>>> print(open('final.cif').read())   # mmCIF, C-alpha atoms
data_structure
#
loop_
_atom_site.label_atom_id
_atom_site.label_comp_id
_atom_site.auth_asym_id
_atom_site.auth_seq_id
_atom_site.Cartn_x
_atom_site.Cartn_y
_atom_site.Cartn_z
CA MET A 20 -28.73 20.88 23.07
CA ILE A 21 -30.01 21.08 19.49
CA ASP A 22 -28.69 18.31 17.20
CA VAL A 23 -27.96 20.53 14.19
CA GLN A 24 -26.42 17.73 12.10
CA ASN A 25 -29.60 15.70 12.42
CA GLN A 26 -31.82 18.45 11.04
CA LYS A 27 -33.88 17.60 7.97
CA ASP A 28 -32.56 18.51 4.54
CA THR A 29 -34.87 19.19 1.59
CA ARG A 30 -32.39 19.29 -1.29
CA GLN A 31 -32.79 15.55 -2.02
CA ILE A 32 -29.09 14.83 -2.52
CA LYS A 33 -27.61 11.71 -0.96
CA ILE A 34 -23.93 12.33 -0.25
CA GLN A 35 -21.83 9.35 -1.27
CA GLN A 36 -18.96 10.04 1.13
CA THR A 37 -18.56 12.47 4.01
CA GLY A 38 -16.37 12.24 7.07
CA VAL A 39 -12.86 13.03 8.29
CA THR A 40 -9.50 13.14 6.52
CA GLY A 41 -5.97 14.01 7.61
CA VAL A 42 -6.35 12.06 10.86
CA TYR A 43 -3.02 10.88 12.31
CA LEU A 44 -3.13 8.06 14.83
CA PRO A 45 -0.77 5.30 15.99
CA ILE A 46 -2.21 1.93 15.04
CA PHE A 47 -1.10 -1.70 15.19
CA ILE A 48 -1.01 -3.64 11.91
CA SER A 49 -1.18 -7.43 11.96
CA ASP A 50 0.95 -8.89 9.16
CA GLY A 51 1.16 -12.66 9.33
CA ASP A 52 3.03 -13.54 12.52
CA GLU A 53 4.19 -9.96 13.04
CA VAL A 54 2.41 -7.04 14.69
CA GLN A 55 3.90 -3.61 14.00
CA GLN A 56 2.93 -0.24 15.41
CA VAL A 57 2.83 2.48 12.77
CA LEU A 58 1.80 6.11 12.49
CA SER A 59 -1.13 6.17 10.10
CA LYS A 60 -2.82 8.92 8.09
CA ILE A 61 -6.51 8.02 8.02
CA LYS A 62 -9.56 8.89 5.95
CA PHE A 63 -12.87 7.71 7.46
CA THR A 64 -16.12 8.32 5.58
CA VAL A 65 -19.76 7.28 5.39
CA ALA A 66 -22.70 7.88 3.06
CA LEU A 67 -25.24 10.44 4.22
CA SER A 68 -28.97 10.17 3.59
CA GLU A 69 -30.60 12.86 1.48
CA LYS A 70 -32.92 13.53 4.43
CA ILE A 71 -30.18 14.46 6.94
CA ARG A 72 -28.19 17.70 6.97
CA GLY A 73 -24.86 16.43 8.26
CA THR A 74 -23.04 13.43 9.69
CA HIS A 75 -21.59 13.30 13.21
CA MET A 76 -17.84 13.70 12.67
CA SER A 77 -17.09 13.29 16.38
CA ARG A 78 -18.60 9.79 16.32
CA LEU A 79 -16.18 8.77 13.60
CA MET A 80 -13.27 10.04 15.69
CA GLU A 81 -14.61 8.19 18.72
CA ILE A 82 -14.80 4.93 16.76
CA LEU A 83 -11.23 5.35 15.54
CA THR A 84 -9.89 6.18 18.99
CA GLU A 85 -11.65 3.20 20.55
CA ASN A 86 -10.05 0.78 18.08
CA ILE A 87 -6.36 1.70 17.99
CA SER A 88 -5.18 -0.26 21.01
CA THR A 89 -5.39 -3.73 19.39
CA PRO A 90 -3.95 -4.96 16.05
CA LEU A 91 -5.89 -4.28 12.87
CA ASN A 92 -6.51 -7.13 10.47
CA VAL A 93 -9.16 -7.57 7.79
CA LEU A 94 -11.75 -9.04 10.16
CA LYS A 95 -11.40 -6.19 12.64
CA ILE A 96 -11.64 -3.56 9.90
CA LYS A 97 -14.86 -5.16 8.70
CA LYS A 98 -16.27 -5.13 12.25
CA ILE A 99 -15.37 -1.44 12.61
CA LEU A 100 -17.18 -0.62 9.38
CA GLN A 101 -20.23 -2.69 10.35
CA TYR A 102 -20.39 -0.95 13.72
CA THR A 103 -20.07 2.42 11.96
CA GLN A 104 -22.98 1.62 9.66
CA THR A 105 -25.15 0.82 12.67
CA LYS A 106 -23.97 3.74 14.80
CA LEU A 107 -24.41 6.35 12.09
CA GLU A 108 -27.43 4.71 10.41
CA THR A 109 -25.80 4.52 6.97
CA ASP A 110 -25.52 1.89 4.24
CA PHE A 111 -21.88 2.67 3.40
CA ALA A 112 -18.67 3.15 5.38
CA ALA A 113 -15.04 3.35 4.25
CA LEU A 114 -11.61 3.43 5.90
CA ASP A 115 -8.30 4.34 4.26
CA PHE A 116 -5.04 3.85 6.18
CA GLY A 117 -1.74 5.16 4.84
CA PHE A 118 1.46 4.39 6.73
CA LYS A 119 5.13 3.38 6.63
CA PHE A 120 5.68 -0.33 7.21
CA PHE A 121 9.19 -1.47 8.09
CA ILE A 122 10.72 -4.63 6.65
CA LYS A 123 13.72 -6.15 8.43
CA LYS A 124 16.58 -6.64 5.96
CA SER A 125 19.80 -8.60 6.36
CA ALA A 126 22.70 -7.52 4.16
CA PRO A 127 23.61 -10.30 1.69
CA VAL A 128 27.16 -11.01 2.94
CA SER A 129 27.68 -9.37 6.35
CA ASP A 130 24.12 -10.10 7.54
CA LYS A 131 24.03 -6.59 8.99
CA GLU A 132 20.41 -5.91 9.93
CA SER A 133 18.48 -2.77 9.01
CA LEU A 134 14.92 -1.61 8.39
CA LEU A 135 13.53 -0.72 4.96
CA ASP A 136 10.50 1.57 4.98
CA ILE A 137 7.64 0.72 2.62
CA ASP A 138 4.74 3.04 1.81
CA VAL A 139 1.45 1.15 2.31
CA GLN A 140 -2.18 2.12 1.90
CA ILE A 141 -5.11 -0.09 2.89
CA CYS A 142 -8.51 0.89 1.48
CA ALA A 143 -11.64 -0.83 2.79
CA GLU A 144 -15.24 -0.10 1.79
CA LEU A 145 -18.34 -1.79 3.12
CA ALA A 146 -21.77 -1.62 1.50
CA ASN A 147 -23.37 -4.99 0.82
CA ALA A 148 -19.94 -6.66 0.90
CA LEU A 149 -16.42 -5.71 1.94
CA ASN A 150 -14.20 -4.36 -0.83
CA LEU A 151 -10.50 -4.28 -0.02
CA SER A 152 -7.43 -3.01 -1.83
CA LEU A 153 -3.78 -2.80 -0.83
CA LYS A 154 -1.25 -0.35 -2.28
CA LEU A 155 2.51 -0.79 -1.93
CA GLU A 156 5.49 1.28 -3.07
CA VAL A 157 8.62 -0.87 -3.15
CA PRO A 158 12.12 0.49 -3.98
CA PHE A 159 14.87 -1.51 -5.70
CA THR A 160 17.81 -1.20 -8.09
CA SER A 161 17.64 -1.40 -11.89
CA LEU A 162 20.60 -1.70 -14.29
CA CYS A 163 20.33 -0.78 -17.96
CA PRO A 164 20.91 -3.67 -20.47
CA CYS A 165 21.73 -1.22 -23.26
CA SER A 166 24.37 0.58 -21.18
CA LYS A 167 25.97 -2.75 -20.27
CA GLU A 168 25.93 -3.97 -23.90
CA ILE A 169 27.50 -0.89 -25.50
CA SER A 170 30.04 -0.01 -22.80
CA ASP A 171 33.58 -1.39 -22.56
CA PHE A 172 33.10 -1.55 -18.79
CA GLY A 173 30.37 -0.63 -16.32
CA ALA A 174 26.70 0.15 -16.82
CA HIS A 175 24.47 2.86 -15.42
CA ASN A 176 22.17 1.80 -12.63
CA GLN A 177 19.71 3.65 -10.44
CA ARG A 178 17.16 3.39 -7.69
CA SER A 179 13.72 2.48 -8.97
CA ILE A 180 10.29 2.06 -7.47
CA CYS A 181 7.35 -0.24 -8.16
CA ARG A 182 3.86 0.90 -7.22
CA VAL A 183 1.31 -1.88 -6.95
CA ASN A 184 -2.41 -1.68 -6.24
CA LEU A 185 -4.08 -5.03 -5.53
CA PHE A 186 -7.88 -5.44 -5.53
CA PHE A 187 -9.12 -8.54 -3.73
CA ALA A 188 -11.97 -10.67 -5.04
CA ASP A 189 -13.22 -11.90 -1.65
CA ALA A 190 -11.97 -9.92 1.34
CA ASP A 191 -13.68 -12.31 3.74
CA LYS A 192 -11.14 -14.98 2.78
CA ILE A 193 -8.25 -12.79 3.99
CA SER A 194 -7.07 -12.82 7.59
CA ASP A 195 -3.85 -10.76 7.56
CA PHE A 196 -2.27 -8.58 4.89
CA ASN A 197 1.06 -10.38 4.23
CA ILE A 198 2.79 -7.10 3.41
CA LYS A 199 6.25 -8.58 3.91
CA SER A 200 5.72 -11.48 1.48
CA LEU A 201 4.29 -9.13 -1.16
CA VAL A 202 7.28 -6.82 -0.83
CA GLU A 203 9.62 -9.79 -1.29
CA LEU A 204 7.70 -10.87 -4.42
CA ILE A 205 7.97 -7.38 -5.93
CA GLU A 206 11.66 -7.00 -5.01
CA ALA A 207 12.54 -10.30 -6.65
CA GLN A 208 11.72 -8.94 -10.12
CA ALA A 209 14.33 -6.15 -9.98
CA SER A 210 17.99 -6.14 -11.00
CA SER A 211 18.86 -6.08 -7.30
CA LYS A 212 17.24 -5.45 -3.92
CA ILE A 213 17.91 -2.35 -1.83
CA TYR A 214 19.40 -2.49 1.68
CA PRO A 215 19.53 0.48 4.07
CA ILE A 216 22.89 -0.71 5.49
CA LEU A 217 25.66 -2.22 3.35
CA LYS A 218 29.23 -2.95 4.36
CA ARG A 219 31.94 -3.04 1.67
CA GLU A 220 31.51 -6.75 1.01
CA ASP A 221 27.74 -6.25 0.66
CA GLU A 222 28.17 -3.32 -1.72
CA LYS A 223 30.39 -5.48 -3.93
CA PHE A 224 27.76 -8.23 -3.89
CA VAL A 225 24.74 -6.06 -4.83
CA THR A 226 26.72 -4.14 -7.48
CA GLU A 227 27.74 -7.36 -9.17
CA ALA A 228 24.29 -8.92 -8.70
CA ALA A 229 22.68 -6.00 -10.54
CA TYR A 230 25.34 -6.16 -13.29
CA LYS A 231 24.51 -9.83 -13.86
CA ASN A 232 20.77 -9.08 -14.00
CA PRO A 233 20.23 -6.04 -16.28
CA LYS A 234 16.62 -5.02 -16.92
CA PHE A 235 14.82 -2.22 -18.73
CA VAL A 236 11.88 -0.65 -16.94
CA GLU A 237 9.69 -2.65 -19.36
CA ASP A 238 11.44 -5.88 -18.35
CA ILE A 239 10.79 -5.22 -14.68
CA LEU A 240 7.16 -4.32 -15.35
CA ARG A 241 6.49 -7.49 -17.34
CA ASP A 242 8.13 -9.63 -14.67
CA GLU A 243 6.04 -7.89 -12.00
CA VAL A 244 2.87 -8.65 -13.98
CA LEU A 245 3.78 -12.33 -14.25
CA ALA A 246 4.56 -12.48 -10.52
CA ILE A 247 1.32 -10.75 -9.51
CA ARG A 248 -0.71 -13.11 -11.69
CA THR A 249 0.39 -15.96 -9.40
CA LEU A 250 -1.38 -14.37 -6.41
CA LYS A 251 -4.69 -15.87 -5.33
CA ASN A 252 -7.96 -14.06 -4.63
CA LEU A 253 -7.36 -11.00 -6.81
CA SER A 254 -10.07 -9.38 -8.92
CA ALA A 255 -7.74 -6.83 -10.54
CA PHE A 256 -4.40 -5.12 -10.15
CA GLU A 257 -2.48 -2.05 -11.25
CA VAL A 258 1.30 -1.87 -11.41
CA GLU A 259 3.74 0.81 -12.49
CA CYS A 260 7.53 0.98 -12.45
CA GLU A 261 9.67 4.10 -12.50
CA ASN A 262 13.45 4.32 -12.86
CA PHE A 263 15.04 7.50 -11.47
CA GLU A 264 17.59 7.62 -14.27
CA SER A 265 21.20 8.38 -13.30
CA ILE A 266 22.34 9.60 -16.76
CA HIS A 267 19.18 11.46 -17.86
CA SER A 268 17.24 14.42 -16.54
CA HIS A 269 14.03 12.40 -16.97
CA ASN A 270 12.74 9.14 -15.52
CA ALA A 271 11.83 5.92 -17.35
CA PHE A 272 8.27 4.69 -16.73
CA ALA A 273 5.99 1.78 -17.60
CA SER A 274 2.55 0.70 -16.30
CA HIS A 275 -0.05 -2.03 -16.70
CA SER A 276 -3.51 -2.81 -15.29
CA GLU A 277 -5.46 -6.01 -15.54
CA LYS A 278 -8.70 -7.64 -14.44
CA MET A 279 -8.39 -11.23 -13.30
#
>>> encode(input="final.cif", output="structure tokens")
Amino acid sequence: MIDVQNQKDTRQIKIQQTGVTGVYLPIFISDGDEVQQVLSKIKFTVALSEKIRGTHMSRLMEILTENISTPLNVLKIKKILQYTQTKLETDFAALDFGFKFFIKKSAPVSDKESLLDIDVQICAELANALNLSLKLEVPFTSLCPCSKEISDFGAHNQRSICRVNLFFADADKISDFNIKSLVELIEAQASSKIYPILKREDEKFVTEAAYKNPKFVEDILRDEVLAIRTLKNLSAFEVECENFESIHSHNAFASHSEKM
């Protein structure tokens, strides 16, 4: 049959990225000592030579399908991208994985176990070298210092979220992603952590813990920046915090980006 995609193109435009998006597949993520199966939304792209009319989308799907039965870590992602470059005769390949990662939580007093879902996105690009970034969205509790200071009793508190995007300087030095440890680092800067299951004694504990640790959204952001600066092998990072205010119709927001 005629290979229409491989027909010559005369418009002299190299396409930087073409491929498939909106692909849902179950994959295994290796995170330190843990391997977790997740449902991932995937974007898989390559560069296309100015001489060729179209890329072979089915080959990208074949590569994905052939690589979902074993855990994904940084080394395997690099091998997939290298194989893709060879298979599709391209100098660039990229994979984006978005998924929910579940962190096991133990309530602070009752030790009742539950699972906290974390939004994660892994972005990997391979040209001459592997570029890797990791996005996390981590929920927690914030309590307003001003509300505590001016009130005779109580203080307004709310659920908040921190969105972090980490860019790694040398992806070849990374084996696994350490999602769990990063989540714990981000959580530690809040007024209090969030737990999916709390018994009465736990609710008392986290309410009082937040009351003893009031923070503005700016306080949390600055503490997140200081914590992220302690991480090794970063070239840059972006962080933003958002409080879903309980006494306003708007949210409180702060952000910061930095090159290392």
>>> resolve_selection(input="final.cif", expression="the PyMOL selection byres ((chain A and resi 158) around 12)", output="PyMOL selection string")
chain A and resi 122+135-138+155-157+159-161+177-183+202-203+205-215+259-263
>>> write_last_selection(input="final.cif", atoms="C-alpha atoms", output="compact mmCIF listing (two decimals), in the coordinates of the input")
# COMPACT_ATOMS: atom_id res chain seq x y z
CA ILE A 122 10.72 -4.63 6.65
CA LEU A 135 13.53 -0.72 4.96
CA ASP A 136 10.50 1.57 4.98
CA ILE A 137 7.64 0.72 2.62
CA ASP A 138 4.74 3.04 1.81
CA LEU A 155 2.51 -0.79 -1.93
CA GLU A 156 5.49 1.28 -3.07
CA VAL A 157 8.62 -0.87 -3.15
CA PHE A 159 14.87 -1.51 -5.70
CA THR A 160 17.81 -1.20 -8.09
CA SER A 161 17.64 -1.40 -11.89
CA GLN A 177 19.71 3.65 -10.44
CA ARG A 178 17.16 3.39 -7.69
CA SER A 179 13.72 2.48 -8.97
CA ILE A 180 10.29 2.06 -7.47
CA CYS A 181 7.35 -0.24 -8.16
CA ARG A 182 3.86 0.90 -7.22
CA VAL A 183 1.31 -1.88 -6.95
CA VAL A 202 7.28 -6.82 -0.83
CA GLU A 203 9.62 -9.79 -1.29
CA ILE A 205 7.97 -7.38 -5.93
CA GLU A 206 11.66 -7.00 -5.01
CA ALA A 207 12.54 -10.30 -6.65
CA GLN A 208 11.72 -8.94 -10.12
CA ALA A 209 14.33 -6.15 -9.98
CA SER A 210 17.99 -6.14 -11.00
CA SER A 211 18.86 -6.08 -7.30
CA LYS A 212 17.24 -5.45 -3.92
CA ILE A 213 17.91 -2.35 -1.83
CA TYR A 214 19.40 -2.49 1.68
CA PRO A 215 19.53 0.48 4.07
CA GLU A 259 3.74 0.81 -12.49
CA CYS A 260 7.53 0.98 -12.45
CA GLU A 261 9.67 4.10 -12.50
CA ASN A 262 13.45 4.32 -12.86
CA PHE A 263 15.04 7.50 -11.47
>>> closest_residue(input="final.cif", among="A:Arg248, A:Pro233, A:Ile193, A:Leu217", to="Lys124 in chain A", atoms="all atoms listed in the file")
A:Leu217
>>> closest_atom_pairs(input="final.cif", of="range 108-211 of chain A", to="range 47-70 of chain A", cutoff="8 Å", atoms="all atoms listed in the file", output="CSV")
residue,atom,partner,partner_atom,distance
A:Thr109,CA,A:Ala66,CA,6.0
A:Asp110,CA,A:Ala66,CA,6.7
A:Phe111,CA,A:Ala66,CA,5.3
A:Ala112,CA,A:Val65,CA,4.3
A:Ala113,CA,A:Thr64,CA,5.3
A:Leu114,CA,A:Phe63,CA,4.7
A:Asp115,CA,A:Lys62,CA,5.0
A:Phe116,CA,A:Ile61,CA,4.8
A:Gly117,CA,A:Lys60,CA,5.1
A:Phe118,CA,A:Ser59,CA,4.6
A:Lys119,CA,A:Val57,CA,6.6
A:Phe120,CA,A:Val57,CA,6.9
A:Asp195,CA,A:Asp50,CA,5.4
A:Phe196,CA,A:Asp50,CA,5.4
A:Asn197,CA,A:Asp50,CA,5.2
A:Ile198,CA,A:Asp50,CA,6.3
A:Lys199,CA,A:Asp50,CA,7.5
>>> write_last_selection(input="final.cif", atoms="C-alpha atoms", output="PDB file, in the frame of the given file")
ATOM      1  CA  THR A 109     -25.800   4.520   6.970  1.00  0.00           C
ATOM      2  CA  ASP A 110     -25.520   1.890   4.240  1.00  0.00           C
ATOM      3  CA  PHE A 111     -21.880   2.670   3.400  1.00  0.00           C
ATOM      4  CA  ALA A 112     -18.670   3.150   5.380  1.00  0.00           C
ATOM      5  CA  ALA A 113     -15.040   3.350   4.250  1.00  0.00           C
ATOM      6  CA  LEU A 114     -11.610   3.430   5.900  1.00  0.00           C
ATOM      7  CA  ASP A 115      -8.300   4.340   4.260  1.00  0.00           C
ATOM      8  CA  PHE A 116      -5.040   3.850   6.180  1.00  0.00           C
ATOM      9  CA  GLY A 117      -1.740   5.160   4.840  1.00  0.00           C
ATOM     10  CA  PHE A 118       1.460   4.390   6.730  1.00  0.00           C
ATOM     11  CA  LYS A 119       5.130   3.380   6.630  1.00  0.00           C
ATOM     12  CA  PHE A 120       5.680  -0.330   7.210  1.00  0.00           C
ATOM     13  CA  ASP A 195      -3.850 -10.760   7.560  1.00  0.00           C
ATOM     14  CA  PHE A 196      -2.270  -8.580   4.890  1.00  0.00           C
ATOM     15  CA  ASN A 197       1.060 -10.380   4.230  1.00  0.00           C
ATOM     16  CA  ILE A 198       2.790  -7.100   3.410  1.00  0.00           C
ATOM     17  CA  LYS A 199       6.250  -8.580   3.910  1.00  0.00           C
TER      18      LYS A 199
END
>>> atom_distance(input="final.cif", atom1="CA of Ile99 in chain A", atom2="CA of Leu83 in chain A")
8.5 Å
>>> atom_distance(input="final.cif", atom1="CA of Leu134 in chain A", atom2="CA of Ile247 in chain A")
24.3 Å
>>> axis_aligned_box(input="final.cif", around="range 59-78 of chain A", padding_each_side="3 Å", output="JSON")
{"center_x": -17.0, "center_y": 11.9, "center_z": 8.9, "size_x": 37.8, "size_y": 17.5, "size_z": 20.9}
>>> atom_distance(input="final.cif", atom1="CA of Lys234 in chain A", atom2="CA of Glu222 in chain A")
19.2 Å
>>> residues_near_point(input="final.cif", point="(-2.0, -8.5, -2.5)", cutoff="8 Å", atoms="only C-alpha atoms", output="MDAnalysis selection string")
chainID A and resid 152:153 184:187 196:198 201 250 253
>>> residues_around(input="final.cif", residues="Leu107 in chain A", least_positions_apart="3", cutoff="8 Å", atoms="all atoms listed in the file", output="JSON, numbers by chain")
{"A": [74, 75, 78, 103, 104]}
>>> residues_around(input="final.cif", residues="Lys231 in chain A", least_positions_apart="5", cutoff="12 Å", atoms="all atoms listed in the file", output="MDAnalysis selection string")
chainID A and resid 161:164 167:168 173:174 176 209:211 224:226
>>> closest_residue(input="final.cif", among="A:Lys218, A:Gly38, A:Lys97, A:Glu81", to="Ala126 in chain A", atoms="only C-alpha atoms")
A:Lys218
>>> residues_near_point(input="final.cif", point="(1.4, -1.4, -19.6)", cutoff="9 Å", atoms="all atoms listed in the file", output="JSON, numbers by chain")
{"A": [237, 240, 241, 258, 259, 273, 274, 275, 276]}
>>> build_atoms(input="final.cif", residues="range 81-91 of chain A", atoms="all heavy atoms", output="compact mmCIF listing (two decimals), keeping the file's coordinate frame")
# COMPACT_ATOMS: atom_id res chain seq x y z
N GLU A 81 -14.47 9.06 17.54
CA GLU A 81 -14.61 8.19 18.72
C GLU A 81 -14.38 6.73 18.33
O GLU A 81 -13.70 5.99 19.05
CB GLU A 81 -16.00 8.36 19.32
CG GLU A 81 -16.21 9.68 20.06
CD GLU A 81 -17.66 9.87 20.48
OE1 GLU A 81 -18.51 9.03 20.09
OE2 GLU A 81 -17.94 10.86 21.17
N ILE A 82 -14.95 6.32 17.21
CA ILE A 82 -14.80 4.93 16.76
C ILE A 82 -13.33 4.62 16.49
O ILE A 82 -12.82 3.57 16.88
CB ILE A 82 -15.67 4.67 15.52
CG1 ILE A 82 -17.15 4.75 15.88
CG2 ILE A 82 -15.35 3.30 14.90
CD1 ILE A 82 -18.09 4.76 14.69
N LEU A 83 -12.65 5.55 15.82
CA LEU A 83 -11.23 5.35 15.54
C LEU A 83 -10.43 5.22 16.84
O LEU A 83 -9.62 4.30 17.01
CB LEU A 83 -10.67 6.50 14.71
CG LEU A 83 -11.05 6.55 13.23
CD1 LEU A 83 -10.52 7.82 12.59
CD2 LEU A 83 -10.52 5.32 12.50
N THR A 84 -10.66 6.15 17.75
CA THR A 84 -9.89 6.18 18.99
C THR A 84 -10.12 4.93 19.83
O THR A 84 -9.20 4.42 20.49
CB THR A 84 -10.27 7.43 19.81
OG1 THR A 84 -10.07 8.61 19.00
CG2 THR A 84 -9.40 7.55 21.06
N GLU A 85 -11.33 4.40 19.77
CA GLU A 85 -11.65 3.20 20.55
C GLU A 85 -11.03 1.93 19.97
O GLU A 85 -11.03 0.89 20.64
CB GLU A 85 -13.19 3.03 20.61
CG GLU A 85 -13.88 4.11 21.45
CD GLU A 85 -15.39 4.12 21.23
OE1 GLU A 85 -15.86 3.32 20.38
OE2 GLU A 85 -16.07 4.94 21.85
N ASN A 86 -10.51 2.00 18.75
CA ASN A 86 -10.05 0.78 18.08
C ASN A 86 -8.57 0.78 17.72
O ASN A 86 -8.15 0.00 16.86
CB ASN A 86 -10.88 0.55 16.81
CG ASN A 86 -12.27 0.02 17.11
OD1 ASN A 86 -12.45 -1.18 17.30
ND2 ASN A 86 -13.26 0.91 17.15
N ILE A 87 -7.77 1.63 18.36
CA ILE A 87 -6.36 1.70 17.99
C ILE A 87 -5.45 0.95 18.96
O ILE A 87 -4.24 0.89 18.75
CB ILE A 87 -5.87 3.16 17.87
CG1 ILE A 87 -6.00 3.88 19.23
CG2 ILE A 87 -6.62 3.89 16.78
CD1 ILE A 87 -5.38 5.27 19.21
N SER A 88 -6.01 0.38 20.00
CA SER A 88 -5.18 -0.26 21.01
C SER A 88 -4.88 -1.73 20.71
O SER A 88 -4.00 -2.32 21.33
CB SER A 88 -5.83 -0.16 22.39
OG SER A 88 -7.10 -0.77 22.40
N THR A 89 -5.61 -2.33 19.77
CA THR A 89 -5.39 -3.73 19.39
C THR A 89 -5.10 -3.81 17.89
O THR A 89 -5.50 -2.94 17.12
CB THR A 89 -6.62 -4.59 19.72
OG1 THR A 89 -7.78 -4.04 19.07
CG2 THR A 89 -6.86 -4.62 21.23
N PRO A 90 -4.39 -4.87 17.45
CA PRO A 90 -3.95 -4.96 16.05
C PRO A 90 -5.12 -4.98 15.06
O PRO A 90 -6.15 -5.61 15.30
CB PRO A 90 -3.18 -6.28 16.00
CG PRO A 90 -2.72 -6.49 17.40
CD PRO A 90 -3.81 -5.95 18.27
N LEU A 91 -4.90 -4.30 13.94
CA LEU A 91 -5.89 -4.28 12.87
C LEU A 91 -5.57 -5.37 11.85
O LEU A 91 -4.47 -5.46 11.34
CB LEU A 91 -5.88 -2.92 12.16
CG LEU A 91 -6.49 -1.73 12.90
CD1 LEU A 91 -6.33 -0.48 12.06
CD2 LEU A 91 -7.95 -1.97 13.22
